Each structure stands twice: as C-alpha cells, then as structure tokens.
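Student: The structure under discussion is supplied below as structure tokens; questions concerning it will follow.
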Amino acid sequence: MKRRDFLKSTAMATAAAVAAPALSACKSVSDKGVDGSIAARMDYRDDGTFTLLQITDTHFISGDPRSDKCMECVKETLAEVRPDLIIHTGDILFGRPEMESIREILTPVSESGIPFAVALGNHDAEFGSSREEVYAFIRGMKGCVNLPPKEGVYGCSNDVITLGGEKPERVFYLMDSGNSVEIKTREDKFSYDYIRGSQIGWYRAHSERFTAANGGVPVPSMAFFHIPLRETAEGVAAGAQLVGNNCESSCPSDINSGLLAQFLEMGDVEAVVNGHEHDCDYVLNYGPMFYIYGRCTGGGTVYYNLGAEGALGTPIPGCRVFQFKKGEPGFRTWVRILGGEIQQKIYCHDNKIDLL
Ligand SMILES: [Fe+2]
C-alpha cells in the first residue's frame, strides 16, 4: 500500500493557542526584503557560532489532543536550544480548521522572537486553503522572514537566507517541492512533485551571484525542501554511510529534475535537508553530498508507513539542530527528542562524517 493511503486527516474543533515566552537572545539580524531577493541576512553570535533549528512534519491539528506532544516538543526545544534561526520544512498542519492549526503550532515559533522561515510540504494545502493562501497567512506571522512568491518561479516558499553578515560565509536555500503531479503512465497516476526548471533557474542565478561576489569561489550552501531527492534512496541502496534511523523507504517524486546535477555543477550546496519521511531522521554521506532528514516533530496525528504506531515505536517527536562555527568548514548536527535526549551528534565536513 502506498504511503499516502495511510494518511488520513481529521477535522477537529478549535482550541485556544498558548503563547510561549519570548526567547530571543541572539545576535542574528533579519532585514526582510533587503535588495528585494534575500529573505534574511544572519550573522554569527559573538562567540562565532550559529544555531539553526529544523522543525518538520508537525502535522498539527487544532483541538486534537494527539497534537499535544508536538506542541510540547516545539516549546521545550525552543526554550532549551535557543536557536538563531528556525526553518520548518513543511507538512505544518494536517486538518481543519487549517489556518487555526497553522497559527497555533507556529505561535511559539513566532513569539520566540527568533527569525523563522518555512519550506512548504505536500500536505500544507490539502485542507481547504490554497498553497498561496496558506503561505500568505504564514508570512503574516511576526518573525517570518519568507518573502512573497517570485513571479515566474514555481511554488511559493522559495527563499534565500545568508549567514555571515555582508560577506556571506554560508547560504541557505529554501525551495517549494510542491504537492503531487499526475503521471499518465502509472496506474494510479500519482507521483510526488519535484523541483521545477524555474526554481533551478532561480537557484542558479543566486548561486552565480554569490560565487562572483566571493571572488569566483562557491559559497558553502545548504538546500531545505520537503520532498527528498531521488538520490537519497540511491545512496541508501548503495550502502553509503548513514547515521540515524532509517525505518522507512524514501518517497521522492517519480521524476528526477536533475537538481543534484545543478548543485554539483555550481559547486556550493553541500547538504540537502528534507522532511516527508516520518520514520527517517538520518544523515547520509553519499558522494559529494549529505542527504539529511529532519526528526519528525509531529505527535499522534502523524501516521507512519510501517504501521500507525510507527517503525520507531511509539512516536517521540523531536527536532534536528545544526550548528555552524565561523571559519570552520561543514557543520555539526544532532537530533533532540522530546524530553531532552540528544542523538546522532556528528560533524559533517569535506564529505566525511565524524562521530562526536
Ligand atoms: Fe509529513
């Protein structure tokens, strides 16, 4: 049975959102809209570190007690990790009332005072409001740095965030990997969506500009989008080094847009960071790329490929943390699960993974 057949939504009554205390203490700056194309220019803290928190697949449903652990996880993680930037890689909600579901789960994020951005997932526009409406609603929340959709570029949540002040040392690309496409030759006609040519052109234009401004040297970059590349499954099948839980087959689009080749050609993106697979939270070191899943942050509304309780057992929501150090290649990353346990602490650099 296909994964999507397990995914059932439940519309529940609205519940009042609970505000989280303000947490911001970082040096990071967000100047939304600067030069019309950069969503935010961030900087390191005074100690030379920068912490990015990835939340993913919250599948939040307002009024549904199954979402309580998800909310608890988001609040607890924000309070403990105190990141400098938050990226939600999609499947934010999973039922009606859709805007209230979004508002509630993003309220602790918004009220933390920490800049945040989203890369929409395949379920985010399935509950009554269009992708554009959902995206506009999120952009209206305080702290969201996403810019309006770009004319001529597929999807909504395509954005660039830089790190390192006026001369960026790193670039974070956020891309909208869409929902689904029809494949005429398949019996069920279904495939997950893929990164389109217009998005690749948008990425290349930015990449070329950053490289030119850096004296012809590509600026180390990461790409965040919901649906993984096809090469993730290829790397697993090839037996590439993998750190973390791999309890679900990767579910990419049937269509390979060639995005990996673009990243390699431009020479800047060293890691792709996805959501989508709730039973995977690994880092895969395959060829000149790190393929990374976030830890599913969703609670009991999340259904799993390998059974309703999930291959990981009773689902324990969590988040993935990335830490960057000024002047140091690569990045450190780990998973933090509800309750505070840290798992998979590693240093990814130069196509290598060091266990920490
Ligand atoms: Fe999901």
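Going by the structure tokens order, chains are called A, B, ..., each with residues numbered from 1, while ligands are numbered from 1 in the order shown.
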Name all residues at most 12 Å from Lys69 of chain A (count only C-alpha atoms; drop same-chain ones fewer than 4 positions away) and give them as a list in words.

Tutor: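 Final neighbour list, sorted by chain and number: Thr58, His59, Phe60, Ile61, Asp64, Pro65, Cys73, Val74, Lys75, Glu76, Thr77, Ile105, Cys296, Thr297, Gly298, Gly299, Gly300, Thr301, Val302, Thr314, Pro315, Ile316, Pro317, Gly318, Ile337, Leu338 and Gly339 of chain A.
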
Student: Given the selection you just returned, output its residues as a file containing C-alpha atoms, formatted as a compact mmCIF listing (two decimals), in the first residue's frame.

Tutor:
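The file below, again.txt, is the result:
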# COMPACT_ATOMS: atom_id res chain seq x y z
CA THR A 58 4.34 18.83 12.73
CA HIS A 59 1.05 17.72 11.08
CA PHE A 60 -0.69 19.85 13.67
CA ILE A 61 -4.47 19.76 14.11
CA ASP A 64 -6.84 17.46 18.60
CA PRO A 65 -5.16 16.16 21.76
CA CYS A 73 8.15 19.38 21.77
CA VAL A 74 8.25 22.71 19.91
CA LYS A 75 8.03 24.76 23.10
CA GLU A 76 10.54 22.65 25.01
CA THR A 77 13.04 22.63 22.14
CA ILE A 105 1.70 25.47 16.07
CA CYS A 296 9.65 14.33 12.72
CA THR A 297 8.22 16.88 15.17
CA GLY A 298 4.65 15.64 14.85
CA GLY A 299 2.72 13.90 17.61
CA GLY A 300 -0.08 11.37 17.37
CA THR A 301 -1.60 12.82 14.20
CA VAL A 302 1.38 11.51 12.26
CA THR A 314 5.55 5.00 19.91
CA PRO A 315 6.39 8.19 18.08
CA ILE A 316 8.59 10.54 20.06
CA PRO A 317 8.68 13.93 18.40
CA GLY A 318 11.93 15.78 18.03
CA ILE A 337 13.89 14.42 21.05
CA LEU A 338 11.11 15.40 23.44
CA GLY A 339 12.47 15.15 26.97

Student: What lies within 12 Å of Ser37 of chain A using only C-alpha atoms, ignoring chain neighbours under 3 positions off, as a VMD selection string?

Tutor: chain A and resid 31 to 34 40 to 41 145 to 151 158 to 162 173 202 to 203 205 to 206 209

Student: May I have the residues within 9 Å of ligand 1, computed using only C-alpha atoms and all ligand atoms, as a PyMOL selection string?

Tutor: chain A and resi 7+56-59+90-94+121-123+226+275-278+296+298+302-303

Student: Could you write out that same residue set with C-alpha atoms as a PDB file, in the first residue's frame?

Tutor:
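Okay, this is what ended up in again_33.pdb:
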ATOM      1  CA  LEU A   7      -2.559   9.493   5.648  1.00  0.00           C
ATOM      2  CA  THR A  56       9.430  19.329  10.339  1.00  0.00           C
ATOM      3  CA  ASP A  57       6.207  17.455   9.732  1.00  0.00           C
ATOM      4  CA  THR A  58       4.339  18.830  12.725  1.00  0.00           C
ATOM      5  CA  HIS A  59       1.051  17.724  11.082  1.00  0.00           C
ATOM      6  CA  GLY A  90       6.772  21.504   5.774  1.00  0.00           C
ATOM      7  CA  ASP A  91       3.645  19.486   6.496  1.00  0.00           C
ATOM      8  CA  ILE A  92       2.900  22.081   9.120  1.00  0.00           C
ATOM      9  CA  LEU A  93      -0.752  21.116   9.524  1.00  0.00           C
ATOM     10  CA  PHE A  94      -2.912  18.067   8.953  1.00  0.00           C
ATOM     11  CA  GLY A 121       5.240  20.396   2.381  1.00  0.00           C
ATOM     12  CA  ASN A 122       2.949  18.285   0.246  1.00  0.00           C
ATOM     13  CA  HIS A 123       0.068  18.320   2.764  1.00  0.00           C
ATOM     14  CA  HIS A 226      10.247  18.891   1.968  1.00  0.00           C
ATOM     15  CA  GLY A 275      11.214  16.206   5.867  1.00  0.00           C
ATOM     16  CA  HIS A 276       8.474  13.962   4.431  1.00  0.00           C
ATOM     17  CA  GLU A 277       9.603  10.565   5.799  1.00  0.00           C
ATOM     18  CA  HIS A 278       8.454  10.417   9.410  1.00  0.00           C
ATOM     19  CA  CYS A 296       9.649  14.332  12.723  1.00  0.00           C
ATOM     20  CA  GLY A 298       4.649  15.644  14.849  1.00  0.00           C
ATOM     21  CA  VAL A 302       1.375  11.511  12.265  1.00  0.00           C
ATOM     22  CA  TYR A 303       0.778   8.216  10.529  1.00  0.00           C
TER      23      TYR A 303
END

Student: Using backbone DSSP assignments, extract all alpha helix (DSSP H) residues from segment 91-221 of chain A; output them as a PyMOL selection string.

Tutor: chain A and resi 98-111+131-139+197-213

Student: I need the residues from that last selection saved to file as a tab-separated table (two decimals), in the first residue's frame (with N, CA and C atoms), if you can.

Tutor:
chain	number	residue	atom	x	y	z
A	98	GLU	N	-7.87	24.86	9.17
A	98	GLU	CA	-6.49	24.87	8.70
A	98	GLU	C	-5.67	26.08	9.15
A	99	MET	N	-6.26	27.27	9.08
A	99	MET	CA	-5.48	28.45	9.48
A	99	MET	C	-5.24	28.45	10.99
A	100	GLU	N	-6.22	27.99	11.74
A	100	GLU	CA	-6.05	27.93	13.19
A	100	GLU	C	-4.97	26.91	13.55
A	101	SER	N	-4.94	25.80	12.82
A	101	SER	CA	-3.91	24.79	13.06
A	101	SER	C	-2.52	25.38	12.82
A	102	ILE	N	-2.39	26.13	11.74
A	102	ILE	CA	-1.10	26.76	11.43
A	102	ILE	C	-0.75	27.78	12.51
A	103	ARG	N	-1.75	28.62	12.82
A	103	ARG	CA	-1.49	29.69	13.78
A	103	ARG	C	-1.03	29.13	15.12
A	104	GLU	N	-1.69	28.09	15.57
A	104	GLU	CA	-1.35	27.54	16.90
A	104	GLU	C	0.06	26.97	16.93
A	105	ILE	N	0.40	26.14	15.98
A	105	ILE	CA	1.70	25.47	16.07
A	105	ILE	C	2.85	26.43	15.77
A	106	LEU	N	2.58	27.48	15.00
A	106	LEU	CA	3.65	28.44	14.73
A	106	LEU	C	3.69	29.60	15.73
A	107	THR	N	2.72	29.65	16.63
A	107	THR	CA	2.73	30.75	17.62
A	107	THR	C	3.95	30.70	18.54
A	108	PRO	N	4.33	29.56	19.11
A	108	PRO	CA	5.55	29.55	19.92
A	108	PRO	C	6.78	29.97	19.13
A	109	VAL	N	6.82	29.59	17.88
A	109	VAL	CA	7.93	29.96	17.00
A	109	VAL	C	7.92	31.47	16.79
A	110	SER	N	6.76	31.98	16.44
A	110	SER	CA	6.61	33.41	16.16
A	110	SER	C	6.93	34.26	17.40
A	111	GLU	N	6.44	33.82	18.54
A	111	GLU	CA	6.60	34.62	19.76
A	111	GLU	C	7.95	34.42	20.43
A	131	ARG	N	-2.31	26.80	-1.53
A	131	ARG	CA	-0.90	26.98	-1.16
A	131	ARG	C	-0.59	28.46	-0.97
A	132	GLU	N	-1.11	29.29	-1.88
A	132	GLU	CA	-0.86	30.73	-1.81
A	132	GLU	C	-1.48	31.32	-0.54
A	133	GLU	N	-2.69	30.88	-0.21
A	133	GLU	CA	-3.37	31.40	0.98
A	133	GLU	C	-2.64	30.98	2.26
A	134	VAL	N	-2.24	29.71	2.30
A	134	VAL	CA	-1.51	29.22	3.47
A	134	VAL	C	-0.20	29.99	3.63
A	135	TYR	N	0.49	30.16	2.53
A	135	TYR	CA	1.79	30.84	2.56
A	135	TYR	C	1.63	32.30	3.00
A	136	ALA	N	0.62	32.97	2.47
A	136	ALA	CA	0.39	34.37	2.85
A	136	ALA	C	0.06	34.48	4.35
A	137	PHE	N	-0.70	33.51	4.84
A	137	PHE	CA	-1.05	33.52	6.27
A	137	PHE	C	0.21	33.38	7.12
A	138	ILE	N	1.08	32.44	6.74
A	138	ILE	CA	2.32	32.23	7.50
A	138	ILE	C	3.19	33.47	7.43
A	139	ARG	N	3.29	34.05	6.25
A	139	ARG	CA	4.12	35.26	6.09
A	139	ARG	C	3.61	36.42	6.94
A	197	GLY	N	12.03	23.49	-13.28
A	197	GLY	CA	13.08	24.22	-14.00
A	197	GLY	C	13.17	25.68	-13.60
A	198	SER	N	12.02	26.30	-13.34
A	198	SER	CA	12.04	27.72	-12.97
A	198	SER	C	12.73	27.92	-11.62
A	199	GLN	N	12.57	26.95	-10.75
A	199	GLN	CA	13.24	27.04	-9.44
A	199	GLN	C	14.75	26.82	-9.59
A	200	ILE	N	15.11	25.92	-10.48
A	200	ILE	CA	16.53	25.68	-10.73
A	200	ILE	C	17.18	26.95	-11.30
A	201	GLY	N	16.47	27.61	-12.23
A	201	GLY	CA	16.99	28.86	-12.78
A	201	GLY	C	17.16	29.92	-11.71
A	202	TRP	N	16.17	30.00	-10.83
A	202	TRP	CA	16.22	30.94	-9.70
A	202	TRP	C	17.42	30.63	-8.81
A	203	TYR	N	17.61	29.35	-8.48
A	203	TYR	CA	18.75	28.96	-7.65
A	203	TYR	C	20.07	29.31	-8.33
A	204	ARG	N	20.20	28.98	-9.59
A	204	ARG	CA	21.46	29.21	-10.30
A	204	ARG	C	21.80	30.70	-10.36
A	205	ALA	N	20.80	31.52	-10.54
A	205	ALA	CA	21.05	32.97	-10.61
A	205	ALA	C	21.64	33.47	-9.28
A	206	HIS	N	21.06	33.01	-8.19
A	206	HIS	CA	21.59	33.39	-6.87
A	206	HIS	C	22.99	32.83	-6.66
A	207	SER	N	23.13	31.56	-7.00
A	207	SER	CA	24.41	30.89	-6.80
A	207	SER	C	25.54	31.60	-7.56
A	208	GLU	N	25.27	31.93	-8.80
A	208	GLU	CA	26.27	32.62	-9.61
A	208	GLU	C	26.64	33.97	-9.00
A	209	ARG	N	25.64	34.63	-8.48
A	209	ARG	CA	25.89	35.95	-7.88
A	209	ARG	C	26.74	35.84	-6.63
A	210	PHE	N	26.43	34.86	-5.80
A	210	PHE	CA	27.22	34.68	-4.58
A	210	PHE	C	28.66	34.29	-4.91
A	211	THR	N	28.82	33.42	-5.89
A	211	THR	CA	30.16	32.97	-6.27
A	211	THR	C	30.97	34.14	-6.84
A	212	ALA	N	30.33	34.93	-7.68
A	212	ALA	CA	31.03	36.08	-8.27
A	212	ALA	C	31.46	37.07	-7.18
A	213	ALA	N	30.58	37.28	-6.21
A	213	ALA	CA	30.90	38.23	-5.14
A	213	ALA	C	31.96	37.69	-4.20

Student: Calculated over only C-alpha atoms, which of the candidates A:Asp281, A:Asp176, A:Asp354, A:Asp43 has the smallest distance to Asn246 of chain A?

Tutor: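 Looking at the shortest contact to Asn246 of chain A, the residue is A:Asp281.
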
Student: Applying 12 Å and only C-alpha atoms, which residues near Lys326 of chain A remain after dropping the ones on its own chain fewer than 2 positions away? List them as a list of chain:residue names.

Tutor: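 With the cut-off at 12 Å, the set is A:Asp43, A:Tyr44, A:Arg45, A:Asp46, A:Asp47, A:Gly48, A:Thr49, A:Phe50, A:Thr51, A:Leu163, A:Gly164, A:Gly165, A:Pro168, A:Glu169, A:Arg170, A:Gln323, A:Phe324, A:Glu328, A:Pro329, A:Gly330, A:Phe331.
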